[in-house]
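File shown here: entry.cif, holding mmCIF, C-alpha atoms (C1' of nucleotides).
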data_model
#
loop_
_atom_site.label_atom_id
_atom_site.label_comp_id
_atom_site.auth_asym_id
_atom_site.auth_seq_id
_atom_site.Cartn_x
_atom_site.Cartn_y
_atom_site.Cartn_z
CA MET A 53 -11.20 -37.54 26.00
CA THR A 54 -11.70 -37.78 29.71
CA VAL A 55 -13.99 -35.44 31.61
CA VAL A 56 -11.08 -33.84 33.45
CA LYS A 57 -9.16 -33.12 30.28
CA GLU A 58 -12.19 -31.49 28.74
CA GLU A 59 -12.58 -29.36 31.83
CA ILE A 60 -9.02 -28.07 31.83
CA ARG A 61 -9.28 -27.43 28.11
CA ASP A 62 -12.23 -25.24 28.89
CA GLN A 63 -10.34 -23.40 31.60
CA ILE A 64 -7.53 -22.72 29.18
CA ILE A 65 -10.03 -21.34 26.67
CA ASP A 66 -11.46 -18.96 29.25
CA SER A 67 -8.07 -17.88 30.46
CA ALA A 68 -6.69 -17.42 26.96
CA SER A 69 -9.82 -15.54 25.93
CA GLU A 70 -8.99 -12.77 28.38
CA ILE A 71 -5.39 -12.55 27.21
CA PHE A 72 -6.32 -12.59 23.53
CA SER A 73 -8.92 -9.90 23.93
CA ARG A 74 -6.44 -7.73 25.79
CA PHE A 75 -3.40 -8.13 23.54
CA GLY A 76 -4.74 -9.56 20.29
CA PHE A 77 -3.45 -12.71 18.65
CA ARG A 78 0.08 -11.72 17.82
CA LYS A 79 1.12 -10.26 21.12
CA THR A 80 -0.33 -13.14 23.10
CA THR A 81 2.37 -15.72 23.74
CA MET A 82 2.04 -19.38 24.54
CA ASP A 83 4.24 -18.82 27.58
CA GLU A 84 1.79 -16.25 28.88
CA ILE A 85 -1.18 -18.52 28.34
CA ALA A 86 0.71 -21.27 30.19
CA ARG A 87 1.80 -18.96 32.98
CA ALA A 88 -1.79 -17.83 33.51
CA MET A 89 -2.69 -21.49 33.99
CA ARG A 90 0.32 -22.09 36.21
CA LYS A 91 1.56 -24.73 33.85
CA GLY A 92 4.56 -25.16 31.62
CA LYS A 93 4.20 -24.16 27.99
CA SER A 94 4.54 -27.73 26.79
CA SER A 95 1.58 -28.78 28.88
CA ILE A 96 -0.72 -26.56 26.89
CA TYR A 97 0.16 -28.61 23.82
CA TYR A 98 -1.36 -31.61 25.53
CA TYR A 99 -4.74 -29.89 25.21
CA PHE A 100 -4.34 -27.95 21.99
CA THR A 101 -2.34 -28.61 18.86
CA SER A 102 -1.39 -24.98 18.22
CA LYS A 103 -1.87 -21.36 19.18
CA GLU A 104 -4.25 -21.05 16.25
CA ASP A 105 -6.19 -23.95 17.69
CA ILE A 106 -6.72 -22.12 20.98
CA PHE A 107 -7.72 -18.95 19.22
CA LYS A 108 -10.35 -20.71 17.16
CA ALA A 109 -11.75 -22.38 20.26
CA VAL A 110 -11.94 -18.99 21.95
CA VAL A 111 -13.83 -17.44 19.06
CA GLU A 112 -16.23 -20.34 18.85
CA LYS A 113 -16.96 -20.24 22.56
CA GLU A 114 -17.47 -16.48 22.50
CA ALA A 115 -19.90 -16.88 19.62
CA GLN A 116 -21.74 -19.62 21.48
CA THR A 117 -22.11 -17.46 24.58
CA LEU A 118 -23.52 -14.58 22.57
CA ARG A 119 -25.84 -16.95 20.75
CA GLU A 120 -27.19 -18.20 24.06
CA GLU A 121 -27.72 -14.63 25.25
CA VAL A 122 -29.76 -13.81 22.17
CA THR A 123 -31.77 -17.00 22.50
CA ARG A 124 -32.55 -16.21 26.12
CA ALA A 125 -33.65 -12.70 25.23
CA VAL A 126 -36.00 -14.02 22.59
CA GLU A 127 -37.48 -16.61 24.90
CA SER A 128 -38.13 -14.08 27.64
CA SER A 129 -41.49 -13.23 26.11
CA ASP A 130 -44.37 -14.96 24.36
CA VAL A 131 -45.57 -12.03 22.29
CA PRO A 132 -43.95 -11.92 18.83
CA THR A 133 -43.55 -8.14 18.75
CA GLU A 134 -41.89 -8.27 22.15
CA LYS A 135 -39.67 -11.10 20.98
CA LEU A 136 -38.58 -9.07 17.99
CA ARG A 137 -37.85 -6.05 20.17
CA ASN A 138 -35.87 -8.15 22.64
CA TYR A 139 -33.99 -9.81 19.84
CA ILE A 140 -32.87 -6.52 18.37
CA LEU A 141 -31.82 -5.11 21.72
CA ALA A 142 -29.86 -8.26 22.56
CA ARG A 143 -28.28 -8.17 19.15
CA MET A 144 -26.98 -4.69 19.85
CA LYS A 145 -25.03 -6.04 22.80
CA VAL A 146 -23.55 -8.67 20.53
CA ILE A 147 -22.57 -6.02 18.04
CA LYS A 148 -20.78 -4.05 20.72
CA ASN A 149 -18.93 -7.13 21.86
CA VAL A 150 -17.91 -8.09 18.36
CA SER A 151 -16.88 -4.52 17.76
CA ASN A 152 -14.44 -4.68 20.65
CA PHE A 153 -13.13 -7.95 19.33
CA TYR A 154 -12.49 -6.46 15.93
CA ASP A 155 -10.77 -3.54 17.60
CA THR A 156 -8.08 -5.69 19.17
CA LEU A 157 -7.61 -7.69 15.99
CA LYS A 158 -7.72 -4.79 13.56
CA ASN A 159 -3.98 -4.53 13.09
CA GLU A 160 -3.27 -8.23 12.88
CA TYR A 161 -3.21 -10.81 10.17
CA LEU A 162 -6.32 -10.71 8.07
CA ASN A 163 -6.92 -14.45 8.10
CA HIS A 164 -7.83 -14.24 11.77
CA LEU A 165 -10.50 -11.70 10.99
CA ASP A 166 -11.56 -13.98 8.16
CA PHE A 167 -12.03 -16.80 10.59
CA VAL A 168 -14.01 -14.58 12.94
CA ASN A 169 -16.23 -13.64 10.03
CA LYS A 170 -16.80 -17.24 9.08
CA VAL A 171 -17.98 -17.95 12.60
CA ARG A 172 -20.19 -14.91 12.38
CA GLU A 173 -21.75 -16.12 9.16
CA LYS A 174 -22.68 -19.38 10.83
CA TYR A 175 -24.07 -17.36 13.68
CA ASP A 176 -26.05 -15.14 11.32
CA LYS A 177 -27.65 -18.15 9.72
CA GLN A 178 -28.86 -19.34 13.10
CA GLU A 179 -30.21 -15.90 13.87
CA ILE A 180 -32.09 -15.85 10.62
CA ARG A 181 -33.66 -19.13 11.60
CA ILE A 182 -34.69 -17.78 15.01
CA LEU A 183 -36.06 -14.59 13.50
CA THR A 184 -37.94 -16.51 10.85
CA GLY A 185 -39.58 -18.45 13.67
CA ILE A 186 -40.67 -15.27 15.39
CA LEU A 187 -42.04 -13.81 12.20
CA GLU A 188 -43.92 -16.98 11.31
CA GLU A 189 -45.46 -17.00 14.75
CA GLY A 190 -46.53 -13.38 14.43
CA GLN A 191 -47.89 -14.10 11.02
CA LYS A 192 -50.10 -16.91 12.31
CA ASN A 193 -51.29 -14.65 15.12
CA GLY A 194 -52.17 -12.07 12.50
CA VAL A 195 -49.80 -9.56 14.07
CA PHE A 196 -47.24 -9.47 11.29
CA ARG A 197 -48.12 -9.03 7.68
CA THR A 198 -45.03 -10.57 6.09
CA ASP A 199 -45.80 -13.46 3.81
CA ASP A 200 -42.19 -14.44 3.31
CA PRO A 201 -40.82 -14.52 6.87
CA GLU A 202 -37.40 -15.79 5.85
CA LEU A 203 -36.81 -12.94 3.43
CA ALA A 204 -37.93 -10.48 6.08
CA ALA A 205 -35.57 -12.11 8.58
CA ILE A 206 -32.67 -11.75 6.16
CA ALA A 207 -33.51 -8.11 5.61
CA ILE A 208 -33.60 -7.43 9.34
CA VAL A 209 -30.29 -9.14 10.00
CA THR A 210 -28.73 -7.29 7.09
CA ALA A 211 -30.02 -3.99 8.37
CA LEU A 212 -28.58 -4.72 11.81
CA LYS A 213 -25.25 -5.44 10.20
CA GLY A 214 -25.49 -2.01 8.62
CA LEU A 215 -25.53 -0.51 12.09
CA GLU A 216 -22.18 -2.09 12.77
CA ILE A 217 -20.26 -0.08 10.22
CA PRO A 218 -20.14 3.27 11.99
CA LEU A 219 -19.67 1.42 15.26
CA PHE A 220 -16.70 -0.39 13.83
CA TRP A 221 -14.98 2.55 12.30
CA SER A 222 -15.48 5.38 14.70
CA LYS A 223 -15.25 4.55 18.34
CA ALA A 224 -17.14 7.60 19.50
CA ASN A 225 -20.39 7.22 17.65
CA LYS A 226 -22.88 8.01 20.34
CA ASN A 227 -25.86 8.26 18.02
CA ILE A 228 -25.98 4.51 17.81
CA GLU A 229 -28.69 4.20 20.45
CA LYS A 230 -30.90 6.58 18.55
CA ARG A 231 -30.29 4.69 15.33
CA VAL A 232 -31.23 1.44 16.97
CA ASP A 233 -34.46 2.98 18.13
CA ASP A 234 -35.20 4.32 14.68
CA LEU A 235 -34.50 1.01 13.06
CA LEU A 236 -36.52 -0.86 15.63
CA ASN A 237 -39.47 1.42 15.00
CA ILE A 238 -39.27 1.18 11.26
CA LEU A 239 -38.98 -2.60 11.33
CA LEU A 240 -41.83 -3.04 13.72
CA TYR A 241 -43.87 -0.49 11.86
CA GLY A 242 -43.13 -2.12 8.53
CA LEU A 243 -44.18 -5.49 9.80
CA LEU A 244 -47.12 -4.69 11.99
CA ARG A 245 -50.56 -5.23 10.59
CA LYS A 246 -52.57 -2.07 10.79
CA MET B 298 -8.32 31.39 -8.86
CA THR B 299 -8.16 31.59 -12.62
CA VAL B 300 -10.02 29.23 -14.87
CA VAL B 301 -6.83 27.64 -16.12
CA LYS B 302 -5.52 26.97 -12.63
CA GLU B 303 -8.79 25.37 -11.65
CA GLU B 304 -8.58 23.17 -14.73
CA ILE B 305 -5.09 21.91 -14.02
CA ARG B 306 -6.05 21.33 -10.40
CA ASP B 307 -8.78 19.09 -11.67
CA GLN B 308 -6.42 17.23 -13.96
CA ILE B 309 -4.12 16.61 -11.03
CA ILE B 310 -7.03 15.26 -9.01
CA ASP B 311 -7.96 12.83 -11.77
CA SER B 312 -4.40 11.74 -12.30
CA ALA B 313 -3.70 11.35 -8.61
CA SER B 314 -6.95 9.48 -8.12
CA GLU B 315 -5.68 6.67 -10.31
CA ILE B 316 -2.38 6.49 -8.48
CA PHE B 317 -3.97 6.60 -5.05
CA SER B 318 -6.45 3.88 -5.88
CA ARG B 319 -3.66 1.68 -7.19
CA PHE B 320 -1.11 2.13 -4.41
CA GLY B 321 -3.03 3.66 -1.50
CA PHE B 322 -2.09 6.84 0.27
CA ARG B 323 1.23 5.88 1.79
CA LYS B 324 2.88 4.37 -1.25
CA THR B 325 1.80 7.19 -3.52
CA THR B 326 4.58 9.77 -3.70
CA MET B 327 4.42 13.41 -4.63
CA ASP B 328 7.16 12.78 -7.18
CA GLU B 329 5.00 10.18 -8.87
CA ILE B 330 1.98 12.46 -8.93
CA ALA B 331 4.15 15.16 -10.44
CA ARG B 332 5.74 12.81 -12.97
CA ALA B 333 2.33 11.66 -14.13
CA MET B 334 1.54 15.31 -14.80
CA ARG B 335 4.90 15.87 -16.45
CA LYS B 336 5.64 18.57 -13.96
CA GLY B 337 8.22 19.10 -11.26
CA LYS B 338 7.20 18.13 -7.74
CA SER B 339 7.32 21.73 -6.54
CA SER B 340 4.78 22.74 -9.15
CA ILE B 341 2.16 20.52 -7.59
CA TYR B 342 2.46 22.62 -4.44
CA TYR B 343 1.29 25.58 -6.45
CA TYR B 344 -2.09 23.85 -6.74
CA PHE B 345 -2.30 21.99 -3.46
CA THR B 346 -0.93 22.70 -0.04
CA SER B 347 -0.11 19.10 0.82
CA LYS B 348 -0.42 15.46 -0.16
CA GLU B 349 -3.29 15.20 2.30
CA ASP B 350 -4.94 18.07 0.47
CA ILE B 351 -4.83 16.18 -2.83
CA PHE B 352 -6.15 13.03 -1.20
CA LYS B 353 -9.12 14.81 0.29
CA ALA B 354 -9.91 16.44 -3.03
CA VAL B 355 -9.77 13.01 -4.67
CA VAL B 356 -12.17 11.50 -2.15
CA GLU B 357 -14.59 14.40 -2.44
CA LYS B 358 -14.61 14.24 -6.21
CA GLU B 359 -15.09 10.48 -6.20
CA ALA B 360 -18.02 10.89 -3.83
CA GLN B 361 -19.51 13.57 -6.03
CA THR B 362 -19.25 11.40 -9.13
CA LEU B 363 -20.98 8.52 -7.40
CA ARG B 364 -23.64 10.88 -6.07
CA GLU B 365 -24.36 12.08 -9.59
CA GLU B 366 -24.56 8.51 -10.83
CA VAL B 367 -27.14 7.65 -8.20
CA THR B 368 -29.12 10.80 -8.91
CA ARG B 369 -29.17 10.00 -12.61
CA ALA B 370 -30.33 6.45 -11.93
CA VAL B 371 -33.18 7.73 -9.79
CA GLU B 372 -34.25 10.27 -12.36
CA SER B 373 -34.28 7.73 -15.16
CA SER B 374 -37.86 6.79 -14.32
CA ASP B 375 -41.07 8.44 -13.17
CA VAL B 376 -42.57 5.48 -11.36
CA PRO B 377 -41.66 5.41 -7.65
CA THR B 378 -41.18 1.65 -7.48
CA GLU B 379 -38.89 1.82 -10.50
CA LYS B 380 -37.02 4.70 -8.93
CA LEU B 381 -36.46 2.69 -5.78
CA ARG B 382 -35.26 -0.29 -7.77
CA ASN B 383 -32.91 1.85 -9.83
CA TYR B 384 -31.64 3.55 -6.72
CA ILE B 385 -30.73 0.29 -5.05
CA LEU B 386 -29.02 -1.10 -8.12
CA ALA B 387 -27.02 2.11 -8.59
CA ARG B 388 -26.14 2.03 -4.93
CA MET B 389 -24.63 -1.40 -5.34
CA LYS B 390 -22.17 0.00 -7.84
CA VAL B 391 -21.25 2.63 -5.32
CA ILE B 392 -20.71 -0.03 -2.70
CA LYS B 393 -18.40 -1.96 -4.97
CA ASN B 394 -16.42 1.17 -5.73
CA VAL B 395 -16.14 2.13 -2.10
CA SER B 396 -15.20 -1.43 -1.27
CA ASN B 397 -12.23 -1.24 -3.63
CA PHE B 398 -11.27 2.05 -2.11
CA TYR B 399 -11.28 0.57 1.36
CA ASP B 400 -9.24 -2.33 0.11
CA THR B 401 -6.33 -0.17 -0.93
CA LEU B 402 -6.51 1.86 2.25
CA LYS B 403 -7.04 -1.03 4.65
CA ASN B 404 -3.48 -1.23 5.88
CA GLU B 405 -2.87 2.48 6.15
CA TYR B 406 -3.36 5.11 8.77
CA LEU B 407 -6.82 5.05 10.24
CA ASN B 408 -7.43 8.77 9.98
CA HIS B 409 -7.62 8.46 6.22
CA LEU B 410 -10.35 5.92 6.54
CA ASP B 411 -11.96 8.22 9.07
CA PHE B 412 -12.00 10.99 6.54
CA VAL B 413 -13.47 8.71 3.91
CA ASN B 414 -16.18 7.76 6.35
CA LYS B 415 -17.00 11.35 7.13
CA VAL B 416 -17.48 12.01 3.43
CA ARG B 417 -19.65 8.93 3.25
CA GLU B 418 -21.82 10.13 6.10
CA LYS B 419 -22.47 13.36 4.27
CA TYR B 420 -23.25 11.30 1.21
CA ASP B 421 -25.61 9.05 3.16
CA LYS B 422 -27.56 12.03 4.41
CA GLN B 423 -28.10 13.19 0.85
CA GLU B 424 -29.21 9.72 -0.15
CA ILE B 425 -31.68 9.63 2.69
CA ARG B 426 -33.12 12.86 1.41
CA ILE B 427 -33.43 11.48 -2.13
CA LEU B 428 -34.98 8.27 -0.90
CA THR B 429 -37.40 10.12 1.34
CA GLY B 430 -38.52 12.04 -1.75
CA ILE B 431 -39.15 8.82 -3.65
CA LEU B 432 -41.09 7.32 -0.79
CA GLU B 433 -43.19 10.44 -0.28
CA GLU B 434 -44.04 10.42 -3.94
CA GLY B 435 -45.06 6.79 -3.84
CA GLN B 436 -47.07 7.46 -0.75
CA LYS B 437 -49.09 10.20 -2.44
CA ASN B 438 -49.66 7.92 -5.41
CA GLY B 439 -50.95 5.33 -3.02
CA VAL B 440 -48.25 2.88 -4.13
CA PHE B 441 -46.25 2.85 -0.92
CA ARG B 442 -47.79 2.35 2.46
CA THR B 443 -45.12 3.99 4.63
CA ASP B 444 -46.39 6.84 6.68
CA ASP B 445 -42.98 7.92 7.88
CA PRO B 446 -40.94 8.03 4.67
CA GLU B 447 -37.83 9.41 6.31
CA LEU B 448 -37.65 6.56 8.81
CA ALA B 449 -38.16 4.08 5.99
CA ALA B 450 -35.39 5.77 4.01
CA ILE B 451 -33.02 5.49 6.96
CA ALA B 452 -33.85 1.82 7.33
CA ILE B 453 -33.18 1.16 3.66
CA VAL B 454 -29.85 2.96 3.66
CA THR B 455 -28.85 1.14 6.81
CA ALA B 456 -29.78 -2.19 5.30
CA LEU B 457 -27.70 -1.43 2.22
CA LYS B 458 -24.77 -0.62 4.44
CA GLY B 459 -25.21 -4.05 5.97
CA LEU B 460 -24.54 -5.56 2.58
CA GLU B 461 -21.15 -3.91 2.56
CA ILE B 462 -19.73 -5.86 5.45
CA PRO B 463 -19.17 -9.23 3.79
CA LEU B 464 -18.10 -7.38 0.66
CA PHE B 465 -15.53 -5.52 2.64
CA TRP B 466 -14.05 -8.39 4.54
CA SER B 467 -14.00 -11.26 2.12
CA LYS B 468 -13.02 -10.41 -1.40
CA ALA B 469 -14.57 -13.45 -2.94
CA ASN B 470 -18.15 -13.16 -1.82
CA LYS B 471 -20.03 -13.97 -4.94
CA ASN B 472 -23.39 -14.32 -3.24
CA ILE B 473 -23.67 -10.57 -3.10
CA GLU B 474 -25.83 -10.36 -6.21
CA LYS B 475 -28.30 -12.79 -4.76
CA ARG B 476 -28.39 -10.89 -1.49
CA VAL B 477 -29.08 -7.66 -3.32
CA ASP B 478 -31.97 -9.29 -5.09
CA ASP B 479 -33.33 -10.65 -1.84
CA LEU B 480 -33.07 -7.31 -0.13
CA LEU B 481 -34.60 -5.52 -3.07
CA ASN B 482 -37.54 -7.87 -3.01
CA ILE B 483 -38.10 -7.59 0.70
CA LEU B 484 -37.90 -3.81 0.65
CA LEU B 485 -40.26 -3.45 -2.24
CA TYR B 486 -42.53 -6.05 -0.80
CA GLY B 487 -42.53 -4.41 2.60
CA LEU B 488 -43.40 -1.06 1.16
CA LEU B 489 -45.85 -1.92 -1.57
CA ARG B 490 -49.51 -1.48 -0.83
CA LYS B 491 -51.36 -4.69 -1.49
"C1'" DA C 22 -2.22 -44.33 31.50
"C1'" DT C 23 -2.46 -39.62 31.99
"C1'" DT C 24 -0.31 -35.36 32.58
"C1'" DT C 25 3.71 -32.24 33.15
"C1'" DC C 26 7.93 -30.23 31.92
"C1'" DG C 27 12.93 -29.01 30.74
"C1'" DA C 28 15.89 -28.88 26.99
"C1'" DC C 29 16.11 -27.95 22.52
"C1'" DC C 30 15.43 -26.38 17.34
"C1'" DG C 31 14.25 -23.53 13.41
"C1'" DT C 32 11.99 -19.42 12.57
"C1'" DT C 33 10.13 -14.91 13.52
"C1'" DT C 34 10.23 -10.67 15.88
"C1'" DT C 35 12.59 -6.95 17.96
"C1'" DG C 36 15.72 -3.08 18.63
"C1'" DG C 37 19.16 -0.32 17.24
"C1'" DT C 38 21.79 1.75 13.33
"C1'" DT C 39 22.70 3.39 8.90
"C1'" DT C 40 20.99 4.70 4.25
"C1'" DT C 41 17.79 6.04 1.26
"C1'" DA C 42 13.39 8.20 -0.07
"C1'" DT C 43 9.95 11.45 0.74
"C1'" DG C 44 7.06 15.60 1.93
"C1'" DG C 45 7.55 20.11 1.97
"C1'" DT C 46 10.05 25.04 1.48
"C1'" DC C 47 12.22 28.83 -0.90
"C1'" DG C 48 14.17 31.79 -3.99
"C1'" DA C 49 15.32 32.23 -8.68
"C1'" DA C 50 13.98 31.51 -13.49
"C1'" DT C 51 10.49 31.53 -17.07
"C1'" DA D 118 1.11 33.48 -13.14
"C1'" DT D 119 3.61 29.25 -13.22
"C1'" DT D 120 7.62 26.13 -13.04
"C1'" DC D 121 11.56 24.14 -11.07
"C1'" DG D 122 16.22 22.94 -8.99
"C1'" DA D 123 18.54 22.95 -4.75
"C1'" DC D 124 17.86 22.11 -0.27
"C1'" DC D 125 16.26 20.48 4.59
"C1'" DA D 126 14.18 17.80 8.26
"C1'" DT D 127 11.88 13.78 8.83
"C1'" DA D 128 10.20 9.21 7.80
"C1'" DA D 129 10.63 4.91 5.69
"C1'" DA D 130 13.54 1.00 4.06
"C1'" DA D 131 17.47 -2.02 4.56
"C1'" DC D 132 20.28 -4.33 7.36
"C1'" DC D 133 21.81 -7.14 11.12
"C1'" DA D 134 22.53 -9.21 15.69
"C1'" DA D 135 20.12 -10.60 19.78
"C1'" DA D 136 16.11 -11.97 21.95
"C1'" DA D 137 11.69 -14.13 21.88
"C1'" DC D 138 8.60 -17.31 20.09
"C1'" DG D 139 5.88 -21.49 18.45
"C1'" DG D 140 6.34 -25.96 18.44
"C1'" DT D 141 8.73 -30.91 19.31
"C1'" DC D 142 10.40 -34.75 22.02
"C1'" DG D 143 11.68 -37.83 25.33
"C1'" DA D 144 11.94 -38.32 30.08
"C1'" DA D 145 9.94 -37.58 34.60
"C1'" DA D 146 6.06 -37.27 37.68
"C1'" DT D 147 1.60 -38.56 39.21
#
Produce structure tokens that represent the structure in this file.
Amino acid sequence: MTVVKEEIRDQIIDSASEIFSRFGFRKTTMDEIARAMRKGKSSIYYYFTSKEDIFKAVVEKEAQTLREEVTRAVESSDVPTEKLRNYILARMKVIKNVSNFYDTLKNEYLNHLDFVNKVREKYDKQEIRILTGILEEGQKNGVFRTDDPELAAIAIVTALKGLEIPLFWSKANKNIEKRVDDLLNILLYGLLRK
Amino acid sequence: MTVVKEEIRDQIIDSASEIFSRFGFRKTTMDEIARAMRKGKSSIYYYFTSKEDIFKAVVEKEAQTLREEVTRAVESSDVPTEKLRNYILARMKVIKNVSNFYDTLKNEYLNHLDFVNKVREKYDKQEIRILTGILEEGQKNGVFRTDDPELAAIAIVTALKGLEIPLFWSKANKNIEKRVDDLLNILLYGLLRK
DNA sequence: ATTTCGACCGTTTTGGTTTTATGGTCGAAT
DNA sequence: ATTCGACCATAAAACCAAAACGGTCGAAAT
């Protein structure tokens, strides 16, 4: 695939991403995606094999962007406790984003949500790896007292997922910030060496 | 309300509970509820003011049953660590039950799910109180090292909620048992005094 | 050789209409 | 105190024709 083709493919992904997130999968038409690119519908099929294909590319790219954001947040400090704090705060942004995504897809075919969740699982695994790294570092420094960093990482990610549930179901849950703080404190407290 | 009336009300709740959980709210008809009770439809309105009314009673009773189950599990031991373990295992049953409930309601009106979630929130608060009790007890015994038991309880409940997400979305997630074990270990490990 | 597009096809979705089923009421009967 | 049949207004299901849609293909454009 030439460089130019790859570039236009990417533009289509960005353009379609907006449309998908506004109207959901079903109500987004190929004609609209093409019109937004000022191309004919058939031309889009030169870059993608199907509407599904575009959607998957959109989800993957979205996930990648969020992943990069989290990575950047973690790398913005050298102190493990700070890293952990930054990670959790960045993760909350991700949760909000994902929550919006779910919102537009809620009333659509379940297999699309299934796909989104598969991507998320992959994403979670990477996060667990990052977190494990942080915890191992803190352990060596003598800051954290975990002796199974991977298990601790899994527990943290699972707990963060727990925060998503009220966010997902009720749009107007304003206590979420407080809950994040609570969780952050308990996690840090639980891990910190006295 | 007489004793007899109360009794029949309860029978209707049990009977309707089965029908609701099989067909969901929408596809359950008043005629069917009445038929199952071998009564005329109008008679049901002597005990309940509306279909919604029956549904809410069903949800509340279900929640109460689960609550009792959890309480019993906790009280089945005197050792705090055992109590915690029993609590988590009992909670998993609850999660599976709730998960099924969500499944039948998934494609229905959102306000029903909203109601279910409100009941769950109330339930969660009670669980946090129970858990806090366990943790305080363990703390006095010198078994647990938490010095803010309520925060720890919140974290645990939140983490358990996190386990629900994959259970809710993908029906065939068989790794759930392993995850529960992992979480159980990490929680116990995190709390136990060395 | 790469990229675009108009014409076209089979299928799905939509919108409007009619029919049927359902939640709920009421007064009489038990 | 409890049950129920007859009844009503509304909502859901069934139906169908028209429009919209996803996707294909070969030709045209670059």
### Task
Expand the PyMOL selection byres ((chain D) within 8 of (chain B)) into the individual residues it matches in the shown file, reporting them as a ChimeraX atom specification.
/D:119-121
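Put simply, atom CA of B:Ala456 is 5.5 Å away from atom CA of A:Thr210.
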For the provided coordinates, the residues matched by the PyMOL selection byres ((chain A and resi 65) around 9) should be stated as a short mmCIF file (atom, residue, chain, number, x, y, z; two decimals) with C-alpha atoms, in the coordinates of the input.
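New file selection08.cif:
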data_model
loop_
_atom_site.label_atom_id
_atom_site.label_comp_id
_atom_site.auth_asym_id
_atom_site.auth_seq_id
_atom_site.Cartn_x
_atom_site.Cartn_y
_atom_site.Cartn_z
CA ILE A 60 -9.02 -28.07 31.83
CA ARG A 61 -9.28 -27.43 28.11
CA ASP A 62 -12.23 -25.24 28.89
CA GLN A 63 -10.34 -23.40 31.60
CA ILE A 64 -7.53 -22.72 29.18
CA ASP A 66 -11.46 -18.96 29.25
CA SER A 67 -8.07 -17.88 30.46
CA ALA A 68 -6.69 -17.42 26.96
CA SER A 69 -9.82 -15.54 25.93
CA GLU A 70 -8.99 -12.77 28.38
CA ILE A 106 -6.72 -22.12 20.98
CA PHE A 107 -7.72 -18.95 19.22
CA ALA A 109 -11.75 -22.38 20.26
CA VAL A 110 -11.94 -18.99 21.95
CA LYS A 113 -16.96 -20.24 22.56
#
If we count only C-alpha atoms (C1' of nucleotides) and set the cut-off at 10 Å, which residues sit around stretch 40-43 of chain C, ignoring sequence neighbours fewer than 6 positions away in its own chain? Please answer as a compact mmCIF listing (two decimals) with C-alpha atoms (C1' of nucleotides), in the coordinates of the input.
# COMPACT_ATOMS: atom_id res chain seq x y z
CA THR B 326 4.58 9.77 -3.70
CA MET B 327 4.42 13.41 -4.63
CA ASP B 328 7.16 12.78 -7.18
C1' DT D 127 11.88 13.78 8.83
C1' DA D 128 10.20 9.21 7.80
C1' DA D 129 10.63 4.91 5.69
C1' DA D 130 13.54 1.00 4.06
C1' DA D 131 17.47 -2.02 4.56
C1' DC D 132 20.28 -4.33 7.36
Rows by chain and residue number, chain C within 8 Å of chain A, shortest pair, all atoms listed in the file, as a tab-separated table:
residue	atom	partner	partner_atom	distance
C:DT24	C1'	A:Ser95	CA	7.8
C:DT25	C1'	A:Ser95	CA	5.9
C:DC26	C1'	A:Gly92	CA	6.1
### Query
What is the atom CA of B:Leu448 to atom CA of A:Leu183 distance in Å?
21.7 Å
What does the PyMOL selection byres ((chain C and resi 48) around 12) select in this file, as a PDB file with C-alpha atoms (C1' of nucleotides), in the coordinates of the input?
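Full text of expr-v2.pdb as output:
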ATOM      1  C1'  DT C  46      10.050  25.040   1.480  1.00  0.00           C
ATOM      2  C1'  DC C  47      12.220  28.830  -0.900  1.00  0.00           C
ATOM      3  C1'  DA C  49      15.320  32.230  -8.680  1.00  0.00           C
ATOM      4  C1'  DA C  50      13.980  31.510 -13.490  1.00  0.00           C
TER       5       DA C  50
ATOM      6  C1'  DC D 121      11.560  24.140 -11.070  1.00  0.00           C
ATOM      7  C1'  DG D 122      16.220  22.940  -8.990  1.00  0.00           C
ATOM      8  C1'  DA D 123      18.540  22.950  -4.750  1.00  0.00           C
ATOM      9  C1'  DC D 124      17.860  22.110  -0.270  1.00  0.00           C
TER      10       DC D 124
END
#### Entry: Nearest residue to chain B from the set A:Gln191, A:Asn169, A:Ser129, A:Gln116 (distances using all atoms listed in the file)
A:Asn169
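Closest approach to chain A among B:Gly459, B:Gly435, B:Pro446, B:Gly430 is made by B:Gly459 (distances from only C-alpha atoms).
Residues in contact with D:DA136 at up to 12 Å, not including ones fewer than 2 positions away on its chain and judged by all atoms listed in the file, are C:DT33, C:DT34, C:DT35, C:DG36, D:DA134, D:DC138.
For the choices A:Val56, A:Ile208, A:Ile147, A:Leu141, the atom-to-atom distance to chain B is smallest for A:Ile208 when using all atoms listed in the file.
Reported to one decimal place, the separation of atom CA of B:Val440 from atom CA of B:Asp375 is 12.8 Å.
Each of A:Val131, A:Ile140, A:Ile85, A:Ala204 was checked against chain B using all atoms listed in the file; the smallest atom-to-atom distance is that of A:Ala204.
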### Task
Step by step: start from the point (-1.4, -21.2, 18.0) in the file's coordinates, keep every protein, DNA or RNA residue that has an atom no farther than 10 Å from it, count all atoms listed in the file, and write the set as a ChimeraX atom specification.
/A:77-78,80-82,97,100-108 /D:139-140
### Query
Which neighbours of B:Ile425 fall inside 12 Å, counting all atoms listed in the file, when residues of the same chain fewer than 6 positions from it are skipped, and could you give them as a PyMOL selection string?
chain B and resi 364+367-368+381+384+418-419+431-433+446-455+457
Put stretch 374-381 of chain B into a file with C-alpha atoms, as a tab-separated table (two decimals), in the first residue's frame.
chain	number	residue	atom	x	y	z
B	374	SER	CA	-17.74	-17.88	60.56
B	375	ASP	CA	-16.17	-15.97	63.43
B	376	VAL	CA	-12.77	-15.39	61.89
B	377	PRO	CA	-12.55	-12.07	60.01
B	378	THR	CA	-10.47	-13.43	57.14
B	379	GLU	CA	-12.95	-16.27	56.71
B	380	LYS	CA	-15.81	-13.81	56.84
B	381	LEU	CA	-14.23	-11.75	54.09
